[in-house]
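Coordinates as given in input.pdb (PDB, C-alpha atoms, pLDDT in the B column):
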ATOM      1  CA  MET A   1     107.361  81.315 153.740  1.00 41.00           C
ATOM      2  CA  SER A   2     104.308  80.061 155.509  1.00 40.00           C
ATOM      3  CA  THR A   3     102.860  81.700 158.557  1.00 38.00           C
ATOM      4  CA  ARG A   4     101.735  80.072 161.758  1.00 39.00           C
ATOM      5  CA  ALA A   5      99.540  81.954 164.177  1.00 37.00           C
ATOM      6  CA  GLY A   6      99.303  80.688 167.694  1.00 36.00           C
ATOM      7  CA  ARG A   7      99.486  81.604 171.328  1.00 33.00           C
ATOM      8  CA  PHE A   8     103.240  81.081 171.571  1.00 32.00           C
ATOM      9  CA  SER A   9     104.544  81.775 168.091  1.00 31.00           C
ATOM     10  CA  ARG A  10     104.295  84.216 165.234  1.00 32.00           C
ATOM     11  CA  VAL A  11     105.882  84.709 161.864  1.00 31.00           C
ATOM     12  CA  PHE A  12     106.060  88.219 160.478  1.00 29.00           C
ATOM     13  CA  LEU A  13     107.972  90.264 157.960  1.00 27.00           C
ATOM     14  CA  ALA A  14     110.816  92.104 159.623  1.00 30.00           C
ATOM     15  CA  ARG A  15     111.694  95.688 158.830  1.00 27.00           C
ATOM     16  CA  PRO A  16     115.163  96.075 157.424  1.00 27.00           C
ATOM     17  CA  VAL A  17     117.566  95.526 160.253  1.00 27.00           C
ATOM     18  CA  LEU A  18     120.436  98.002 160.458  1.00 24.00           C
ATOM     19  CA  ALA A  19     121.946  96.358 163.521  1.00 26.00           C
ATOM     20  CA  MET A  20     121.042  93.128 165.202  1.00 31.00           C
ATOM     21  CA  ILE A  21     120.103  93.564 168.829  1.00 33.00           C
ATOM     22  CA  LEU A  22     121.972  91.178 170.953  1.00 35.00           C
ATOM     23  CA  GLY A  23     122.601  91.530 174.596  1.00 32.00           C
ATOM     24  CA  VAL A  24     124.065  88.274 175.345  1.00 32.00           C
ATOM     25  CA  VAL A  25     125.605  86.796 172.371  1.00 34.00           C
ATOM     26  CA  LEU A  26     124.470  86.360 168.901  1.00 37.00           C
ATOM     27  CA  ALA A  27     123.335  88.534 166.045  1.00 36.00           C
ATOM     28  CA  GLY A  28     124.361  89.171 162.479  1.00 37.00           C
ATOM     29  CA  MET A  29     124.124  88.120 158.936  1.00 35.00           C
ATOM     30  CA  PRO A  30     125.710  85.065 157.338  1.00 36.00           C
ATOM     31  CA  VAL A  31     129.388  84.689 158.130  1.00 36.00           C
ATOM     32  CA  THR A  32     129.895  88.222 159.374  1.00 34.00           C
ATOM     33  CA  GLN A  33     131.874  89.514 162.293  1.00 32.00           C
ATOM     34  CA  ALA A  34     132.145  92.820 164.042  1.00 30.00           C
ATOM     35  CA  ALA A  35     133.868  93.815 167.230  1.00 29.00           C
ATOM     36  CA  ALA A  36     131.908  93.508 170.465  1.00 29.00           C
ATOM     37  CA  TYR A  37     131.728  96.393 172.849  1.00 30.00           C
ATOM     38  CA  ALA A  38     133.485  96.143 176.204  1.00 30.00           C
ATOM     39  CA  SER A  39     130.200  96.713 178.030  1.00 37.00           C
ATOM     40  CA  ALA A  40     126.763  98.060 177.325  1.00 42.00           C
ATOM     41  CA  PRO A  41     123.570  99.132 178.970  1.00 48.00           C
ATOM     42  CA  ASN A  42     121.059  96.497 179.937  1.00 58.00           C
ATOM     43  CA  PRO A  43     119.967  95.245 177.376  1.00 59.00           C
ATOM     44  CA  GLY A  44     123.009  95.448 175.167  1.00 53.00           C
ATOM     45  CA  ASP A  45     123.672  95.994 171.473  1.00 48.00           C
ATOM     46  CA  PHE A  46     126.350  93.780 169.932  1.00 48.00           C
ATOM     47  CA  LEU A  47     127.538  92.313 166.661  1.00 51.00           C
ATOM     48  CA  ALA A  48     129.995  89.527 167.354  1.00 68.00           C
ATOM     49  CA  LEU A  49     128.873  86.450 165.497  1.00 79.00           C
ATOM     50  CA  THR A  50     129.564  84.026 162.712  1.00 87.00           C
ATOM     51  CA  THR A  51     126.852  81.959 161.059  1.00 91.00           C
ATOM     52  CA  ASP A  52     127.695  78.407 160.022  1.00 95.00           C
ATOM     53  CA  ARG A  53     125.398  76.447 157.689  1.00 95.00           C
ATOM     54  CA  SER A  54     127.995  73.830 156.680  1.00 96.00           C
ATOM     55  CA  ASN A  55     126.020  71.097 158.489  1.00 97.00           C
ATOM     56  CA  PRO A  56     122.631  70.774 156.752  1.00 96.00           C
ATOM     57  CA  ASP A  57     121.074  69.489 159.979  1.00 97.00           C
ATOM     58  CA  VAL A  58     121.874  72.473 162.212  1.00 98.00           C
ATOM     59  CA  VAL A  59     122.407  76.233 161.860  1.00 97.00           C
ATOM     60  CA  THR A  60     125.095  77.377 164.311  1.00 96.00           C
ATOM     61  CA  PHE A  61     125.758  80.947 165.427  1.00 93.00           C
ATOM     62  CA  THR A  62     129.066  81.401 167.286  1.00 92.00           C
ATOM     63  CA  LEU A  63     130.118  84.311 169.483  1.00 90.00           C
ATOM     64  CA  THR A  64     133.456  85.630 168.224  1.00 89.00           C
ATOM     65  CA  ALA A  65     134.348  88.061 171.024  1.00 88.00           C
ATOM     66  CA  ASP A  66     133.750  88.381 174.756  1.00 91.00           C
ATOM     67  CA  THR A  67     130.537  90.356 175.164  1.00 87.00           C
ATOM     68  CA  ALA A  68     129.275  92.210 178.252  1.00 88.00           C
ATOM     69  CA  VAL A  69     125.810  93.369 179.247  1.00 87.00           C
ATOM     70  CA  GLY A  70     125.614  95.060 182.610  1.00 86.00           C
ATOM     71  CA  ASP A  71     127.765  93.005 185.000  1.00 90.00           C
ATOM     72  CA  CYS A  72     127.518  89.819 182.891  1.00 92.00           C
ATOM     73  CA  VAL A  73     130.225  88.784 180.442  1.00 93.00           C
ATOM     74  CA  ALA A  74     129.679  86.046 177.824  1.00 93.00           C
ATOM     75  CA  LEU A  75     132.948  84.508 176.667  1.00 94.00           C
ATOM     76  CA  SER A  76     133.718  84.057 172.983  1.00 93.00           C
ATOM     77  CA  GLY A  77     132.974  80.601 171.593  1.00 94.00           C
ATOM     78  CA  GLY A  78     129.401  80.363 172.873  1.00 93.00           C
ATOM     79  CA  THR A  79     126.930  78.925 170.376  1.00 94.00           C
ATOM     80  CA  LEU A  80     123.271  79.128 169.529  1.00 94.00           C
ATOM     81  CA  GLN A  81     122.109  76.160 167.450  1.00 97.00           C
ATOM     82  CA  VAL A  82     118.874  75.585 165.565  1.00 98.00           C
ATOM     83  CA  PRO A  83     118.399  71.954 164.492  1.00 98.00           C
ATOM     84  CA  ARG A  84     116.569  71.087 161.263  1.00 98.00           C
ATOM     85  CA  PRO A  85     112.852  70.644 162.034  1.00 98.00           C
ATOM     86  CA  SER A  86     111.748  67.049 162.554  1.00 98.00           C
ATOM     87  CA  ALA A  87     109.430  65.251 160.123  1.00 97.00           C
ATOM     88  CA  SER A  88     106.544  66.586 162.204  1.00 97.00           C
ATOM     89  CA  GLY A  89     107.848  70.166 161.752  1.00 97.00           C
ATOM     90  CA  LEU A  90     109.215  70.740 165.265  1.00 98.00           C
ATOM     91  CA  THR A  91     112.540  72.190 166.377  1.00 98.00           C
ATOM     92  CA  TYR A  92     114.129  74.037 169.306  1.00 97.00           C
ATOM     93  CA  VAL A  93     117.061  76.336 170.061  1.00 97.00           C
ATOM     94  CA  ALA A  94     120.087  75.205 172.098  1.00 97.00           C
ATOM     95  CA  TRP A  95     122.351  77.797 173.735  1.00 95.00           C
ATOM     96  CA  THR A  96     125.772  76.699 175.000  1.00 96.00           C
ATOM     97  CA  GLN A  97     127.761  79.376 176.771  1.00 96.00           C
ATOM     98  CA  ARG A  98     130.526  80.104 179.283  1.00 96.00           C
ATOM     99  CA  ALA A  99     130.122  83.353 181.203  1.00 96.00           C
ATOM    100  CA  TYR A 100     130.730  85.151 184.467  1.00 97.00           C
ATOM    101  CA  THR A 101     129.469  88.126 186.428  1.00 96.00           C
ATOM    102  CA  GLN A 102     131.752  90.940 187.524  1.00 95.00           C
ATOM    103  CA  LYS A 103     129.755  91.650 190.683  1.00 93.00           C
ATOM    104  CA  THR A 104     126.502  90.549 192.270  1.00 92.00           C
ATOM    105  CA  LYS A 105     124.565  90.993 195.510  1.00 90.00           C
ATOM    106  CA  ASN A 106     122.588  87.759 195.154  1.00 92.00           C
ATOM    107  CA  TYR A 107     123.050  86.354 191.638  1.00 93.00           C
ATOM    108  CA  ASP A 108     123.075  87.485 188.013  1.00 93.00           C
ATOM    109  CA  GLN A 109     121.408  85.654 185.154  1.00 93.00           C
ATOM    110  CA  TRP A 110     121.099  86.158 181.406  1.00 90.00           C
ATOM    111  CA  HIS A 111     117.504  86.416 180.118  1.00 89.00           C
ATOM    112  CA  SER A 112     117.291  86.055 176.339  1.00 88.00           C
ATOM    113  CA  GLU A 113     114.577  86.653 173.775  1.00 88.00           C
ATOM    114  CA  LEU A 114     115.384  85.327 170.296  1.00 90.00           C
ATOM    115  CA  THR A 115     114.054  86.040 166.823  1.00 90.00           C
ATOM    116  CA  LEU A 116     115.403  83.960 163.932  1.00 92.00           C
ATOM    117  CA  LEU A 117     115.884  85.948 160.725  1.00 91.00           C
ATOM    118  CA  GLY A 118     115.375  84.659 157.205  1.00 93.00           C
ATOM    119  CA  ALA A 119     117.095  85.649 153.985  1.00 93.00           C
ATOM    120  CA  ASP A 120     113.755  86.759 152.516  1.00 92.00           C
ATOM    121  CA  GLY A 121     113.272  89.340 155.278  1.00 91.00           C
ATOM    122  CA  GLY A 122     110.955  87.119 157.294  1.00 90.00           C
ATOM    123  CA  SER A 123     111.474  86.357 160.942  1.00 91.00           C
ATOM    124  CA  TYR A 124     110.340  83.878 163.550  1.00 89.00           C
ATOM    125  CA  LEU A 125     110.030  84.739 167.221  1.00 90.00           C
ATOM    126  CA  VAL A 126     111.246  81.814 169.342  1.00 92.00           C
ATOM    127  CA  PRO A 127     108.222  81.321 171.612  1.00 91.00           C
ATOM    128  CA  THR A 128     110.089  81.107 174.898  1.00 89.00           C
ATOM    129  CA  ARG A 129     112.704  83.037 176.821  1.00 89.00           C
ATOM    130  CA  VAL A 130     116.016  81.205 177.227  1.00 93.00           C
ATOM    131  CA  ASP A 131     117.668  81.898 180.572  1.00 92.00           C
ATOM    132  CA  SER A 132     121.153  81.007 181.781  1.00 93.00           C
ATOM    133  CA  ASP A 133     122.198  79.383 185.017  1.00 94.00           C
ATOM    134  CA  LYS A 134     122.274  81.699 188.013  1.00 95.00           C
ATOM    135  CA  MET A 135     125.740  83.158 188.575  1.00 96.00           C
ATOM    136  CA  SER A 136     126.044  83.769 192.316  1.00 96.00           C
ATOM    137  CA  THR A 137     129.834  84.197 192.645  1.00 96.00           C
ATOM    138  CA  ALA A 138     131.638  87.093 190.956  1.00 96.00           C
ATOM    139  CA  TRP A 139     134.468  86.238 188.536  1.00 97.00           C
ATOM    140  CA  GLN A 140     133.680  82.497 188.586  1.00 97.00           C
ATOM    141  CA  VAL A 141     133.203  81.108 185.071  1.00 98.00           C
ATOM    142  CA  TYR A 142     129.913  79.250 184.662  1.00 98.00           C
ATOM    143  CA  GLY A 143     129.052  77.004 181.724  1.00 97.00           C
ATOM    144  CA  TRP A 144     125.669  75.762 180.540  1.00 97.00           C
ATOM    145  CA  THR A 145     123.582  74.433 177.714  1.00 98.00           C
ATOM    146  CA  LYS A 146     119.972  75.608 177.775  1.00 97.00           C
ATOM    147  CA  HIS A 147     117.129  74.676 175.434  1.00 97.00           C
ATOM    148  CA  SER A 148     114.012  76.526 174.371  1.00 97.00           C
ATOM    149  CA  ILE A 149     110.688  74.761 174.333  1.00 96.00           C
ATOM    150  CA  VAL A 150     109.980  72.717 171.211  1.00 97.00           C
ATOM    151  CA  PHE A 151     108.165  74.801 168.614  1.00 96.00           C
ATOM    152  CA  PRO A 152     106.917  74.443 165.016  1.00 96.00           C
ATOM    153  CA  MET A 153     108.938  75.649 162.050  1.00 97.00           C
ATOM    154  CA  THR A 154     108.613  74.971 158.349  1.00 96.00           C
ATOM    155  CA  SER A 155     111.485  73.381 156.462  1.00 96.00           C
ATOM    156  CA  ALA A 156     111.312  76.310 154.018  1.00 96.00           C
ATOM    157  CA  PHE A 157     111.980  78.855 156.779  1.00 96.00           C
ATOM    158  CA  TYR A 158     114.748  76.704 158.279  1.00 97.00           C
ATOM    159  CA  ALA A 159     116.480  76.530 154.878  1.00 96.00           C
ATOM    160  CA  GLN A 160     116.849  80.314 154.728  1.00 95.00           C
ATOM    161  CA  ILE A 161     117.790  81.205 158.338  1.00 95.00           C
ATOM    162  CA  ASN A 162     120.702  83.642 158.129  1.00 91.00           C
ATOM    163  CA  GLY A 163     120.705  85.581 161.370  1.00 90.00           C
ATOM    164  CA  VAL A 164     119.324  85.938 164.843  1.00 88.00           C
ATOM    165  CA  GLN A 165     118.090  88.979 166.722  1.00 86.00           C
ATOM    166  CA  TRP A 166     118.984  88.440 170.375  1.00 84.00           C
ATOM    167  CA  VAL A 167     117.688  90.736 173.093  1.00 82.00           C
ATOM    168  CA  ALA A 168     119.202  89.937 176.470  1.00 80.00           C
ATOM    169  CA  TYR A 169     119.158  91.316 179.960  1.00 83.00           C
ATOM    170  CA  CYS A 170     121.368  90.537 182.899  1.00 85.00           C
TER     171      CYS A 170
END
The structure given in the file should be rewritten as structure tokens.
Amino acid sequence: MSTRAGRFSRVFLARPVLAMILGVVLAGMPVTQAAAYASAPNPGDFLALTTDRSNPDVVTFTLTADTAVGDCVALSGGTLQVPRPSASGLTYVAWTQRAYTQKTKNYDQWHSELTLLGADGGSYLVPTRVDSDKMSTAWQVYGWTKHSIVFPMTSAFYAQINGVQWVAYC
């Protein structure tokens, strides 16, 4: 795995991960599932994900259970996708989700920090926070697709992505 140092990105060796941190949606190892908690502190701790590498051009993580952090609830079926890096070595993360807030005074919003995990123990911090739409009405289901900034990634690291550490706040 190659490293890339820069203002917005870093590659480092991760310590063994006993549980993936995931407030909003996705964490886990390849094709694993575990039950999500009904609610959690802000940020949350969840394992409710499958990893799909059947399409060689995109790694897809799918939420397998409704997942709550604070007042926010992400509905099962949401996805986080990482496309294969382009010929110039650039990629991005796309997050598609349906969610609602149980109560709000002004609005609630998911704020997500993502680290892609590799089979060799390496990891790659996605160099941007991915935020949801603002949810200003309680119990209304909102849907969105949000993209990170474009960032560099080697084809070698992409080939071994097998999990995502997701820290989210609402």
Test item: residues at most 7 Å from stretch 71-80 of chain A, all atoms listed in the file, excluding those fewer than 5 positions along its chain, as a list in words: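 The residues that qualify are Val24, Val25, Thr60, Phe61, Thr62, Leu63, Thr64, Ala65, Asp66, Val93, Ala94, Trp95, Thr96, Gln97, Arg98, Ala99, Tyr100, Thr101, Gln102, Lys103 and Cys170 of chain A.
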Top pick for closest residue to A:Ser112, considering A:Gln140, A:Ser148, A:Thr50, A:Thr91 and counting all atoms listed in the file: A:Ser148
Best match for closeness to A:Arg84 among A:Lys105, A:Arg53, A:Lys134, A:His111, counting all atoms listed in the file: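 Comparing A:Lys105, A:Arg53, A:Lys134, A:His111 against A:Arg84, the winner is A:Arg53.
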Target residues per the PyMOL selection byres ((chain A and resi 158) around 9), formatted as a ChimeraX atom specification: /A:59,82-85,118,153-157,159-161
Using only C-alpha atoms, please write the residues we just selected to a file, as an mmCIF file, keeping the file's coordinate frame.
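Saved result, result_31.cif, follows:
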data_model
loop_
_atom_site.group_PDB
_atom_site.id
_atom_site.type_symbol
_atom_site.label_atom_id
_atom_site.label_comp_id
_atom_site.auth_asym_id
_atom_site.auth_seq_id
_atom_site.Cartn_x
_atom_site.Cartn_y
_atom_site.Cartn_z
ATOM 1 C CA VAL A 59 122.407 76.233 161.860
ATOM 2 C CA VAL A 82 118.874 75.585 165.565
ATOM 3 C CA PRO A 83 118.399 71.954 164.492
ATOM 4 C CA ARG A 84 116.569 71.087 161.263
ATOM 5 C CA PRO A 85 112.852 70.644 162.034
ATOM 6 C CA GLY A 118 115.375 84.659 157.205
ATOM 7 C CA MET A 153 108.938 75.649 162.050
ATOM 8 C CA THR A 154 108.613 74.971 158.349
ATOM 9 C CA SER A 155 111.485 73.381 156.462
ATOM 10 C CA ALA A 156 111.312 76.310 154.018
ATOM 11 C CA PHE A 157 111.980 78.855 156.779
ATOM 12 C CA ALA A 159 116.480 76.530 154.878
ATOM 13 C CA GLN A 160 116.849 80.314 154.728
ATOM 14 C CA ILE A 161 117.790 81.205 158.338
#
Proximity to A:Asp131 - best of A:Thr115, A:Thr145, A:Gln81, A:Asn162, all atoms listed in the file: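 Answer, going by the shortest atom-to-atom distance: A:Thr145.
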Interatomic distance (Å, one decimal) between atom CA of A:Ser54 and atom CA of A:Val164: 17.0 Å
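When atom CA of A:Ile149 is paired with atom CA of A:Leu114, their separation reads 12.2 Å.
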8 Å contact set for A:Glu113, only C-alpha atoms, chain neighbours under 3 positions out, as a PyMOL selection string: chain A and resi 126+128-130+166-168
For atom CA of A:Asn55 and atom CA of A:His147, the interatomic separation in Å (one decimal):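 For atom CA of A:Asn55 relative to atom CA of A:His147, the distance reads 19.5 Å.
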Neighbour list for A:Leu116 as a PyMOL selection string, cut-off 7 Å, all atoms listed in the file, skip fewer than 3 positions in-chain: chain A and resi 123-125+161+163-165
As lines of an AutoDock Vina configuration file, please report the centre and edge lengths, rounded to one decimal in Å, of the axis-aligned box that holds all listed atoms of stretch 132-148 of chain A with 6 Å of padding on each of the six sides.
center_x = 124.2
center_y = 80.8
center_z = 183.5
size_x = 32.5
size_y = 24.7
size_z = 30.3
